[in-house]
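Chemist: The file below is coords07.txt, compact mmCIF, C-alpha atoms:
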# COMPACT_ATOMS: atom_id res chain seq x y z
CA MET D 141 151.97 101.71 103.26
CA ILE D 142 153.27 99.02 105.62
CA GLY D 143 156.78 100.40 105.11
CA ILE D 144 155.62 103.82 106.28
CA ILE D 145 153.90 102.29 109.33
CA ASN D 146 157.09 100.39 110.20
CA LEU D 147 159.17 103.55 109.81
CA LEU D 148 156.82 105.60 112.00
CA TYR D 149 156.81 102.84 114.60
CA LEU D 150 160.62 102.74 114.57
CA VAL D 151 160.76 106.50 115.20
CA LEU D 152 158.20 106.12 118.01
CA ILE D 153 160.12 103.31 119.67
CA ILE D 154 163.41 105.26 119.48
CA GLY D 155 161.69 108.30 121.01
CA ILE D 156 160.10 106.26 123.81
CA SER D 157 163.39 104.49 124.54
CA ALA D 158 165.17 107.87 124.74
CA ILE D 159 162.55 109.15 127.22
CA GLY D 160 162.89 105.94 129.26
CA LEU D 161 166.67 106.26 129.34
CA TYR D 162 166.44 109.90 130.34
CA ILE D 163 164.01 109.07 133.19
CA CYS D 164 166.45 106.42 134.48
CA TYR D 165 169.37 108.87 134.20
CA HIS D 166 167.34 111.54 135.96
CA ILE D 167 166.40 109.28 138.87
CA LEU D 168 169.97 107.99 139.29
CA ARG D 169 171.56 111.41 138.95
CA TYR D 170 169.27 113.56 141.07
CA SER D 171 167.91 111.27 143.79
CA LEU D 172 168.93 112.31 147.28
CA SER D 173 169.66 108.74 148.28
CA LYS D 174 171.55 106.24 146.17
CA GLN D 175 169.58 103.29 147.55
CA ASN D 176 166.24 104.91 146.70
CA ALA D 177 167.56 105.79 143.24
CA VAL D 178 168.54 102.19 142.48
CA ILE D 179 165.23 100.76 143.72
CA THR D 180 163.12 103.32 141.84
CA THR D 181 165.11 102.87 138.64
CA PHE D 182 164.76 99.11 138.92
CA VAL D 183 160.96 99.37 139.34
CA PHE D 184 160.63 101.81 136.45
CA ALA D 185 162.99 99.99 134.09
CA THR D 186 161.52 96.54 134.74
CA LEU D 187 157.97 97.44 133.78
CA PHE D 188 159.13 99.84 131.07
CA LEU D 189 161.19 97.16 129.35
CA PHE D 190 158.38 94.63 129.76
CA PHE D 191 155.86 96.96 128.11
CA LEU D 192 158.33 97.96 125.41
CA PHE D 193 159.26 94.40 124.41
CA THR D 194 155.67 93.17 124.46
CA ASN D 195 154.71 96.23 122.42
CA VAL D 196 157.30 95.38 119.75
CA ILE D 197 156.23 91.72 119.72
CA LEU D 198 152.54 92.65 119.41
CA PHE D 199 153.32 95.17 116.66
CA PHE D 200 155.00 92.53 114.52
CA ARG D 201 152.12 90.11 115.11
CA ILE D 202 149.60 92.50 113.58
CA ASP D 203 148.46 91.46 110.11
CA TRP D 204 148.54 94.95 108.60
CA ASP D 205 147.44 93.77 105.13
CA ARG D 206 144.30 92.25 106.56
CA LEU D 207 143.71 95.11 109.00
CA LEU D 208 144.09 97.85 106.39
CA GLY D 209 142.05 95.81 103.95
CA SER D 210 139.23 95.35 106.45
CA ALA D 211 139.41 99.04 107.39
CA GLY D 212 139.06 99.86 103.69
CA SER D 213 135.96 97.67 103.40
CA PHE D 214 134.40 99.49 106.37
CA THR D 215 134.86 102.87 104.76
CA SER D 216 133.49 101.88 101.33
CA PHE D 217 129.78 101.35 100.67
CA PRO D 218 128.48 97.79 100.72
CA SER D 219 127.86 96.39 97.22
CA SER D 220 124.07 96.26 97.82
CA TYR D 221 123.99 100.08 98.09
CA SER D 222 125.56 100.61 94.70
CA ARG D 223 122.74 98.93 92.85
CA MET U 104 162.85 106.20 155.44
CA LEU U 105 165.60 108.51 154.21
CA ASN U 106 168.93 108.27 156.04
CA LEU U 107 169.90 111.94 156.43
CA SER U 108 173.61 111.22 156.77
CA LYS U 109 173.61 109.63 153.31
CA VAL U 110 171.69 112.43 151.58
CA ARG U 111 173.61 113.85 148.63
CA PHE U 112 172.79 116.96 146.63
CA PRO U 113 174.74 119.21 144.24
CA GLY U 114 177.09 121.59 146.05
CA LYS U 115 177.02 119.81 149.40
CA HIS U 116 180.03 120.74 151.55
CA ASP U 117 182.13 118.06 153.22
CA GLU U 118 181.26 119.04 156.78
CA GLU U 119 177.69 120.09 156.08
CA GLN U 120 175.07 118.19 158.08
CA VAL U 121 171.60 117.63 156.66
CA LEU U 122 169.01 118.27 159.38
CA ALA U 123 165.81 117.76 157.44
CA VAL U 124 164.57 117.01 153.95
CA TYR U 125 161.11 117.98 152.76
CA HIS U 126 159.23 116.85 149.70
CA ARG U 127 155.76 117.94 148.69
CA HIS U 128 152.98 116.27 150.66
CA TRP U 129 151.71 112.95 149.25
CA PHE U 130 148.28 114.51 148.66
CA ASP U 131 149.83 116.96 146.21
CA LEU U 132 151.30 114.03 144.31
CA PHE U 133 147.95 112.23 144.47
CA ILE U 134 146.13 115.22 142.95
CA HIS U 135 148.62 115.38 140.08
CA LEU U 136 148.47 111.63 139.52
CA PHE U 137 144.69 111.42 139.81
CA LEU U 138 143.98 111.76 136.08
CA SER U 139 146.52 109.10 135.17
CA VAL U 140 145.24 106.74 137.87
CA PHE U 141 141.66 107.37 136.73
CA LEU U 142 142.66 106.60 133.12
CA SER U 143 144.41 103.41 134.20
CA VAL U 144 141.27 102.26 136.05
CA LEU U 145 139.23 102.98 132.91
CA LEU U 146 141.76 101.07 130.82
CA LEU U 147 141.72 98.09 133.13
CA GLY U 148 137.90 98.14 133.20
CA GLY U 149 137.76 98.37 129.42
CA PHE U 150 140.29 95.60 129.08
CA LEU U 151 138.19 93.26 131.24
CA ILE U 152 134.72 94.23 130.05
CA MET U 153 135.08 94.91 126.32
CA PRO U 154 135.81 91.32 125.18
CA SER U 155 132.57 90.10 126.82
CA PHE U 156 130.51 92.68 124.88
CA PHE U 157 132.50 92.54 121.65
CA PRO U 158 134.09 89.06 121.48
CA GLU U 159 135.27 89.64 117.89
CA ILE U 160 137.65 92.40 119.09
CA ALA U 161 139.72 90.33 121.50
CA GLY U 162 139.20 86.94 119.90
CA GLY U 163 139.06 87.61 116.17
CA PRO U 164 141.79 88.33 113.63
CA ASN U 165 142.18 91.88 115.00
CA ALA U 166 143.06 90.63 118.49
CA ALA U 167 146.76 91.45 118.04
CA PHE U 168 145.89 95.04 117.13
CA PHE U 169 143.56 95.31 120.16
CA PHE U 170 146.26 94.07 122.53
CA PHE U 171 148.84 96.29 120.82
CA LEU U 172 146.66 99.34 121.53
CA GLU U 173 146.14 98.26 125.13
CA ASN U 174 149.85 97.71 125.59
CA SER U 175 150.76 101.04 123.99
CA PHE U 176 148.35 102.80 126.33
CA LEU U 177 149.88 101.08 129.35
CA LEU U 178 153.38 102.05 128.16
CA PHE U 179 152.44 105.72 127.76
CA LEU U 180 150.65 105.65 131.10
CA TRP U 181 153.72 104.20 132.84
CA ILE U 182 155.95 106.91 131.35
CA THR U 183 153.44 109.65 132.20
CA LEU U 184 153.16 108.45 135.81
CA PHE U 185 156.92 108.68 136.23
CA LEU U 186 157.18 112.07 134.52
CA ILE U 187 154.55 113.45 136.92
CA TRP U 188 156.25 111.75 139.87
CA ILE U 189 159.61 113.26 138.89
CA ASP U 190 158.03 116.69 138.54
CA ILE U 191 156.53 116.53 142.05
CA TYR U 192 158.91 114.35 144.05
CA PHE U 193 162.08 116.04 142.87
CA ASP U 194 160.93 119.40 144.24
CA VAL U 195 162.88 119.22 147.45
CA TRP U 196 163.82 121.51 150.32
CA ILE U 197 166.89 120.58 152.35
CA ILE U 198 167.68 122.19 155.68
CA THR U 199 171.30 121.80 156.72
CA ASN U 200 173.27 123.27 159.61
CA GLU U 201 174.55 125.98 157.21
CA ARG U 202 171.70 126.85 154.86
CA ILE U 203 168.43 125.96 153.18
CA VAL U 204 168.64 124.49 149.69
CA ASN U 205 165.67 124.45 147.35
CA ILE U 206 165.85 122.15 144.33
CA GLU U 207 162.93 122.79 142.03
CA GLN U 208 162.10 120.49 139.16
CA LYS U 209 160.25 122.55 136.53
CA ASP U 210 160.04 119.74 133.98
CA LEU U 211 162.25 116.88 132.87
CA PHE U 212 164.83 119.24 131.36
CA THR U 213 164.55 122.26 133.67
CA ARG U 214 165.88 122.27 137.20
CA ARG U 215 166.54 125.20 139.50
CA VAL U 216 168.72 125.09 142.61
CA SER U 217 168.67 128.02 145.01
CA GLU U 218 170.02 128.40 148.51
CA LEU U 219 169.46 130.62 151.48
CA ARG U 220 171.85 131.41 154.33
CA PHE U 221 170.30 131.63 157.78
CA HIS U 222 171.75 135.06 158.55
CA THR U 223 169.70 136.61 155.70
CA ILE U 224 166.37 135.40 157.10
CA GLN U 225 164.09 138.18 158.31
CA ASP U 226 160.93 136.30 159.15
CA VAL U 227 159.21 132.99 158.56
CA THR U 228 155.50 132.37 158.01
CA SER U 229 153.58 129.12 157.71
CA GLU U 230 150.33 129.02 155.80
CA VAL U 231 147.77 126.23 155.77
CA SER U 232 144.74 127.07 153.72
CA GLY U 233 141.79 124.85 152.80
CA ILE U 234 139.91 121.94 154.34
CA ILE U 235 142.07 119.08 153.11
CA PRO U 236 145.40 120.78 153.94
CA SER U 237 144.06 121.52 157.44
CA ILE U 238 143.00 117.91 157.97
CA LEU U 239 146.19 116.41 156.51
CA ASP U 240 148.43 119.14 157.96
CA PHE U 241 150.29 120.43 154.94
CA GLY U 242 150.86 123.87 153.50
CA ASP U 243 153.42 126.51 152.56
CA VAL U 244 156.25 128.02 154.54
CA LEU U 245 157.32 131.48 153.39
CA VAL U 246 160.77 132.70 154.35
CA GLN U 247 161.31 136.44 154.01
CA THR U 248 164.91 137.36 153.33
CA ALA U 249 167.01 140.44 152.81
CA GLY U 250 168.69 138.96 149.74
CA GLU U 251 168.02 139.28 146.01
CA ASN U 252 165.43 136.54 146.14
CA PRO U 253 163.12 138.16 148.71
CA ARG U 254 160.85 135.19 149.30
CA PHE U 255 161.74 131.57 149.64
CA ILE U 256 158.71 129.33 149.55
CA PHE U 257 158.33 125.72 150.64
CA HIS U 258 155.32 124.54 148.64
CA ASN U 259 152.79 122.09 150.12
CA ILE U 260 155.10 120.46 152.63
CA PRO U 261 153.93 118.38 155.58
CA ASN U 262 153.93 119.93 159.07
CA PRO U 263 154.57 123.56 157.99
CA VAL U 264 154.40 124.88 161.56
CA GLY U 265 157.14 122.49 162.68
CA VAL U 266 159.28 123.49 159.71
CA LYS U 267 158.78 127.18 160.48
CA ASP U 268 159.84 126.61 164.10
CA LEU U 269 162.94 124.72 163.00
CA ILE U 270 163.96 127.50 160.58
CA MET U 271 163.35 130.18 163.23
CA LYS U 272 165.47 128.26 165.74
CA LEU U 273 168.32 127.83 163.26
CA ALA U 274 168.09 131.46 162.12
CA GLU U 275 168.34 132.71 165.70
CA ARG U 276 171.29 130.45 166.38
CA ARG U 277 173.02 131.71 163.21
CA GLY U 278 172.31 135.37 163.92
CA GLY U 279 169.37 135.96 161.57
CA SER U 280 167.14 139.04 161.90
CA ALA U 281 164.17 137.04 163.11
CA THR U 282 163.43 138.43 166.56
CA LYS U 283 161.86 136.85 169.58
CA THR U 284 158.73 138.99 169.08
CA GLN U 285 158.30 137.59 165.57
CA ARG U 286 158.73 134.09 166.93
CA ALA U 287 156.01 134.75 169.54
CA ASP U 288 153.71 136.10 166.81
CA ALA U 289 154.35 133.04 164.70
CA ARG U 290 153.41 130.75 167.59
CA VAL U 291 150.10 132.59 168.05
CA ILE U 292 149.31 131.97 164.38
When written as structure tokens, how does the structure in this file appear?
Modeler:
Amino acid sequence: MIGIINLLYLVLIIGISAIGLYICYHILRYSLSKQNAVITTFVFATLFLFFLFTNVILFFRIDWDRLLGSAGSFTSFPSSYSR
Amino acid sequence: MLNLSKVRFPGKHDEEQVLAVYHRHWFDLFIHLFLSVFLSVLLLGGFLIMPSFFPEIAGGPNAAFFFFLENSFLLFLWITLFLIWIDIYFDVWIITNERIVNIEQKDLFTRRVSELRFHTIQDVTSEVSGIIPSILDFGDVLVQTAGENPRFIFHNIPNPVGVKDLIMKLAERRGGSATKTQRADARVI
């Protein structure tokens, strides 16, 4: 299960990175002014990379075993109900 | 402020001078960004308020998952804001001493560039409709031409009357069909 989550997350991160790269390319390629293009790309890329790296760090800090286990206990009936 | 002498666009000739560049009015961008800005305010509010009501979410063993969700939301929001900005801001109308160039950004992967020579212009109309456009002075400028693309529209640009006057002046100078009578009519409007 955790392997599948990791795989899905990898696909998501690759997709998001591709979109981020394309946005940077788009701004640099099609801006009317080179100076504006550089400033805008810098602003976008700085926060984008910050969010992306913190996202990856936070993802690997999640205790999936515990989380999925606790989610399972929420969905099952408490033991007192089964009596 | 954009330096017109340094403006570059696809197909620009060496001796072509850029006279004016128009983007959509900031209010148009604001309307399109409103939902994303509203969501970001909600997110920020939730981020600050939720831990005080549910301390186990932000402080317990699931804290990493909570912050991961918050961070993912911020990441998607940041990308969405820029995709909307690109869609609006990269719609641009450039008036040069030779022609009018319209670069229209349909979405991230679709882009249309069309141009209009001044001698094909038949008449120019500016249109401001609605309370907010009237107060903030933005609207459409419609250029009627004799070419294949009969109408050339500047969408939601600031100062549409000034733009219309500029196009009329350039069209007359370049031998367009726009007559003095039409110019007088346009001024009455």
Chemist: Can you work out which one of U:Val266, U:Leu239, U:Ile206, U:Ile260 has the shortest atom-to-atom distance to chain D, counting all atoms listed in the file?
Modeler: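 Counting all atoms listed in the file, the residue closest to chain D is U:Ile206.
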Chemist: Pick out the residues sitting within 9 Å of His135 in chain U, and hand them over as a list in words; count all atoms listed in the file, and ignore anything fewer than 4 positions along from it in its own chain.
Modeler: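 After dropping sequence-adjacent residues, the list is Phe130, Asp131, Ser139, Ile187, Trp188 and Ile191 of chain U.
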Chemist: Within 8 Å of Tyr125 in chain U, counting all atoms listed in the file, which residues show up once you throw out same-chain ones fewer than 6 positions away? Write them as a PyMOL selection string, please.
Modeler: chain U and resi 195-197+260-261
Chemist: Output C-alpha atoms for every residue in the selection just made, as a PDB file, keeping the file's coordinate frame.
Modeler:
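Result file is again_32.pdb:
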ATOM      1  CA  VAL U 195     162.880 119.220 147.450  1.00  0.00           C
ATOM      2  CA  TRP U 196     163.820 121.510 150.320  1.00  0.00           C
ATOM      3  CA  ILE U 197     166.890 120.580 152.350  1.00  0.00           C
ATOM      4  CA  ILE U 260     155.100 120.460 152.630  1.00  0.00           C
ATOM      5  CA  PRO U 261     153.930 118.380 155.580  1.00  0.00           C
TER       6      PRO U 261
END
Chemist: Quick one: distance from CA of Leu122 in chain U to CA of Asp226 in chain U in Å, one decimal?
Modeler: 19.8 Å
Chemist: Distance limit 12 Å, atoms considered: only C-alpha atoms. Which chain U residues sit that close to chain D? Return them as number ranges by chain.
Modeler: U: 104-113, 115, 121, 123-126, 163-190, 192-197, 206-208, 210-214, 216
Chemist: Tell me, in Å to one decimal, how far CA of Asn200 in chain U is from CA of Glu119 in chain U.
Modeler: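 Computing the Euclidean distance for CA of Asn200 in chain U and CA of Glu119 in chain U yields 6.5 Å.
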Chemist: Could you check the closest approach to Leu161 in chain D for each of D:Thr181, D:Phe193, D:Ile142, D:Asp205 and tell me which residue wins, using all atoms listed in the file?
Modeler: D:Thr181
Chemist: Padding 8 Å on each side, edges along x, y and z: where is the centre of the box around the listed atoms of range 127-140 of chain U, and how long are its edges in Å to one decimal? Output it as lines of an AutoDock Vina configuration file.
Modeler:
center_x = 149.9
center_y = 112.3
center_z = 142.9
size_x = 27.8
size_y = 27.2
size_z = 31.5
Chemist: Skipping near chain neighbours, those fewer than 2 positions away, what residues fall within 8 Å of Leu245 in chain U using all atoms listed in the file, listed as an NGL selection string?
Modeler: :U and (227-230 or 243 or 247 or 254-257)
Chemist: To one decimal place in Å, what is the distance between CA of Trp129 in chain U and CA of Ile238 in chain U?
Modeler: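 About the pair CA of Trp129 in chain U and CA of Ile238 in chain U: they are 13.3 Å apart.
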Chemist: Considering all atoms listed in the file, state which residue in the set U:Asn262, U:Pro154, U:Glu159, U:Thr223 is at the smallest distance from Pro236 in chain U.
Modeler: U:Asn262
Chemist: Could you pull range 151-198 of chain D out of the structure I just pasted and write it to a file containing N, CA and C atoms, as a CSV table (one decimal), in the first residue's frame?
Modeler:
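The resulting file, result.csv, is shown below:
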chain,number,residue,atom,x,y,z
D,151,VAL,N,4.6,10.2,-9.4
D,151,VAL,CA,4.0,10.7,-10.7
D,151,VAL,C,3.5,12.1,-10.5
D,152,LEU,N,2.8,12.4,-9.4
D,152,LEU,CA,2.3,13.7,-9.1
D,152,LEU,C,3.4,14.8,-9.1
D,153,ILE,N,4.5,14.5,-8.4
D,153,ILE,CA,5.6,15.4,-8.3
D,153,ILE,C,6.2,15.7,-9.7
D,154,ILE,N,6.4,14.6,-10.5
D,154,ILE,CA,6.9,14.8,-11.9
D,154,ILE,C,6.0,15.6,-12.7
D,155,GLY,N,4.7,15.4,-12.6
D,155,GLY,CA,3.7,16.2,-13.3
D,155,GLY,C,3.7,17.7,-12.9
D,156,ILE,N,3.8,17.9,-11.6
D,156,ILE,CA,3.8,19.3,-11.1
D,156,ILE,C,5.1,20.0,-11.5
D,157,SER,N,6.2,19.3,-11.5
D,157,SER,CA,7.5,19.8,-11.9
D,157,SER,C,7.4,20.2,-13.4
D,158,ALA,N,6.8,19.3,-14.2
D,158,ALA,CA,6.7,19.6,-15.6
D,158,ALA,C,5.9,20.9,-15.8
D,159,ILE,N,4.8,21.0,-15.1
D,159,ILE,CA,3.9,22.2,-15.2
D,159,ILE,C,4.7,23.5,-14.8
D,160,GLY,N,5.4,23.3,-13.7
D,160,GLY,CA,6.3,24.5,-13.2
D,160,GLY,C,7.3,24.9,-14.3
D,161,LEU,N,8.0,23.9,-14.9
D,161,LEU,CA,9.0,24.2,-15.9
D,161,LEU,C,8.3,24.8,-17.1
D,162,TYR,N,7.2,24.3,-17.5
D,162,TYR,CA,6.5,24.9,-18.7
D,162,TYR,C,6.1,26.3,-18.4
D,163,ILE,N,5.6,26.6,-17.2
D,163,ILE,CA,5.2,28.0,-16.8
D,163,ILE,C,6.4,28.9,-16.9
D,164,CYS,N,7.6,28.5,-16.4
D,164,CYS,CA,8.8,29.3,-16.5
D,164,CYS,C,9.2,29.5,-17.9
D,165,TYR,N,9.2,28.4,-18.7
D,165,TYR,CA,9.5,28.5,-20.2
D,165,TYR,C,8.6,29.5,-20.9
D,166,HIS,N,7.3,29.4,-20.5
D,166,HIS,CA,6.3,30.3,-21.2
D,166,HIS,C,6.5,31.7,-20.8
D,167,ILE,N,6.8,32.0,-19.6
D,167,ILE,CA,7.0,33.4,-19.2
D,167,ILE,C,8.3,34.0,-19.9
D,168,LEU,N,9.4,33.1,-19.9
D,168,LEU,CA,10.6,33.6,-20.5
D,168,LEU,C,10.5,33.7,-22.0
D,169,ARG,N,9.8,32.9,-22.6
D,169,ARG,CA,9.7,32.8,-24.1
D,169,ARG,C,8.7,33.9,-24.6
D,170,TYR,N,7.6,34.1,-23.9
D,170,TYR,CA,6.6,35.0,-24.5
D,170,TYR,C,6.4,36.4,-23.9
D,171,SER,N,7.2,36.7,-22.8
D,171,SER,CA,7.0,38.0,-22.2
D,171,SER,C,7.5,39.1,-23.2
D,172,LEU,N,6.9,40.2,-23.2
D,172,LEU,CA,7.2,41.3,-24.1
D,172,LEU,C,8.6,41.9,-23.7
D,173,SER,N,8.9,41.9,-22.4
D,173,SER,CA,10.1,42.5,-21.9
D,173,SER,C,10.9,41.4,-21.2
D,174,LYS,N,12.2,41.4,-21.5
D,174,LYS,CA,13.1,40.4,-21.0
D,174,LYS,C,13.3,40.6,-19.5
D,175,GLN,N,13.3,41.9,-19.1
D,175,GLN,CA,13.5,42.2,-17.6
D,175,GLN,C,12.3,41.7,-16.8
D,176,ASN,N,11.1,42.0,-17.3
D,176,ASN,CA,9.9,41.5,-16.7
D,176,ASN,C,9.8,40.0,-16.6
D,177,ALA,N,10.3,39.4,-17.7
D,177,ALA,CA,10.3,37.9,-17.8
D,177,ALA,C,11.1,37.3,-16.7
D,178,VAL,N,12.3,37.9,-16.5
D,178,VAL,CA,13.3,37.4,-15.5
D,178,VAL,C,12.7,37.5,-14.1
D,179,ILE,N,12.2,38.7,-13.8
D,179,ILE,CA,11.7,39.0,-12.5
D,179,ILE,C,10.5,38.1,-12.2
D,180,THR,N,9.6,38.0,-13.1
D,180,THR,CA,8.4,37.1,-12.9
D,180,THR,C,8.8,35.7,-12.7
D,181,THR,N,9.7,35.2,-13.5
D,181,THR,CA,10.1,33.8,-13.4
D,181,THR,C,10.8,33.6,-12.1
D,182,PHE,N,11.6,34.5,-11.7
D,182,PHE,CA,12.3,34.4,-10.4
D,182,PHE,C,11.2,34.3,-9.2
D,183,VAL,N,10.2,35.2,-9.3
D,183,VAL,CA,9.2,35.2,-8.2
D,183,VAL,C,8.4,33.8,-8.2
D,184,PHE,N,8.0,33.4,-9.4
D,184,PHE,CA,7.3,32.1,-9.5
D,184,PHE,C,8.2,31.0,-9.0
D,185,ALA,N,9.4,30.9,-9.6
D,185,ALA,CA,10.2,29.7,-9.3
D,185,ALA,C,10.6,29.6,-7.9
D,186,THR,N,10.9,30.8,-7.2
D,186,THR,CA,11.3,30.8,-5.8
D,186,THR,C,10.3,30.1,-4.9
D,187,LEU,N,9.0,30.6,-5.0
D,187,LEU,CA,8.0,30.1,-4.2
D,187,LEU,C,7.6,28.7,-4.6
D,188,PHE,N,7.6,28.4,-5.9
D,188,PHE,CA,7.3,27.1,-6.4
D,188,PHE,C,8.3,26.0,-5.9
D,189,LEU,N,9.5,26.3,-5.9
D,189,LEU,CA,10.6,25.4,-5.5
D,189,LEU,C,10.5,25.2,-3.9
D,190,PHE,N,10.2,26.3,-3.3
D,190,PHE,CA,10.0,26.3,-1.8
D,190,PHE,C,8.9,25.3,-1.4
D,191,PHE,N,7.7,25.5,-2.1
D,191,PHE,CA,6.5,24.7,-1.8
D,191,PHE,C,6.8,23.2,-2.2
D,192,LEU,N,7.5,23.1,-3.3
D,192,LEU,CA,7.8,21.7,-3.8
D,192,LEU,C,8.7,20.9,-2.8
D,193,PHE,N,9.8,21.6,-2.4
D,193,PHE,CA,10.7,20.9,-1.5
D,193,PHE,C,10.1,20.6,-0.2
D,194,THR,N,9.4,21.6,0.4
D,194,THR,CA,8.7,21.4,1.7
D,194,THR,C,7.7,20.3,1.6
D,195,ASN,N,7.0,20.2,0.4
D,195,ASN,CA,6.0,19.2,0.2
D,195,ASN,C,6.6,17.8,0.2
D,196,VAL,N,7.8,17.7,-0.5
D,196,VAL,CA,8.5,16.4,-0.5
D,196,VAL,C,9.0,16.0,0.9
D,197,ILE,N,9.5,17.0,1.6
D,197,ILE,CA,10.0,16.7,3.0
D,197,ILE,C,8.8,16.3,3.9
D,198,LEU,N,7.7,17.0,3.8
D,198,LEU,CA,6.5,16.7,4.6
D,198,LEU,C,6.0,15.3,4.3
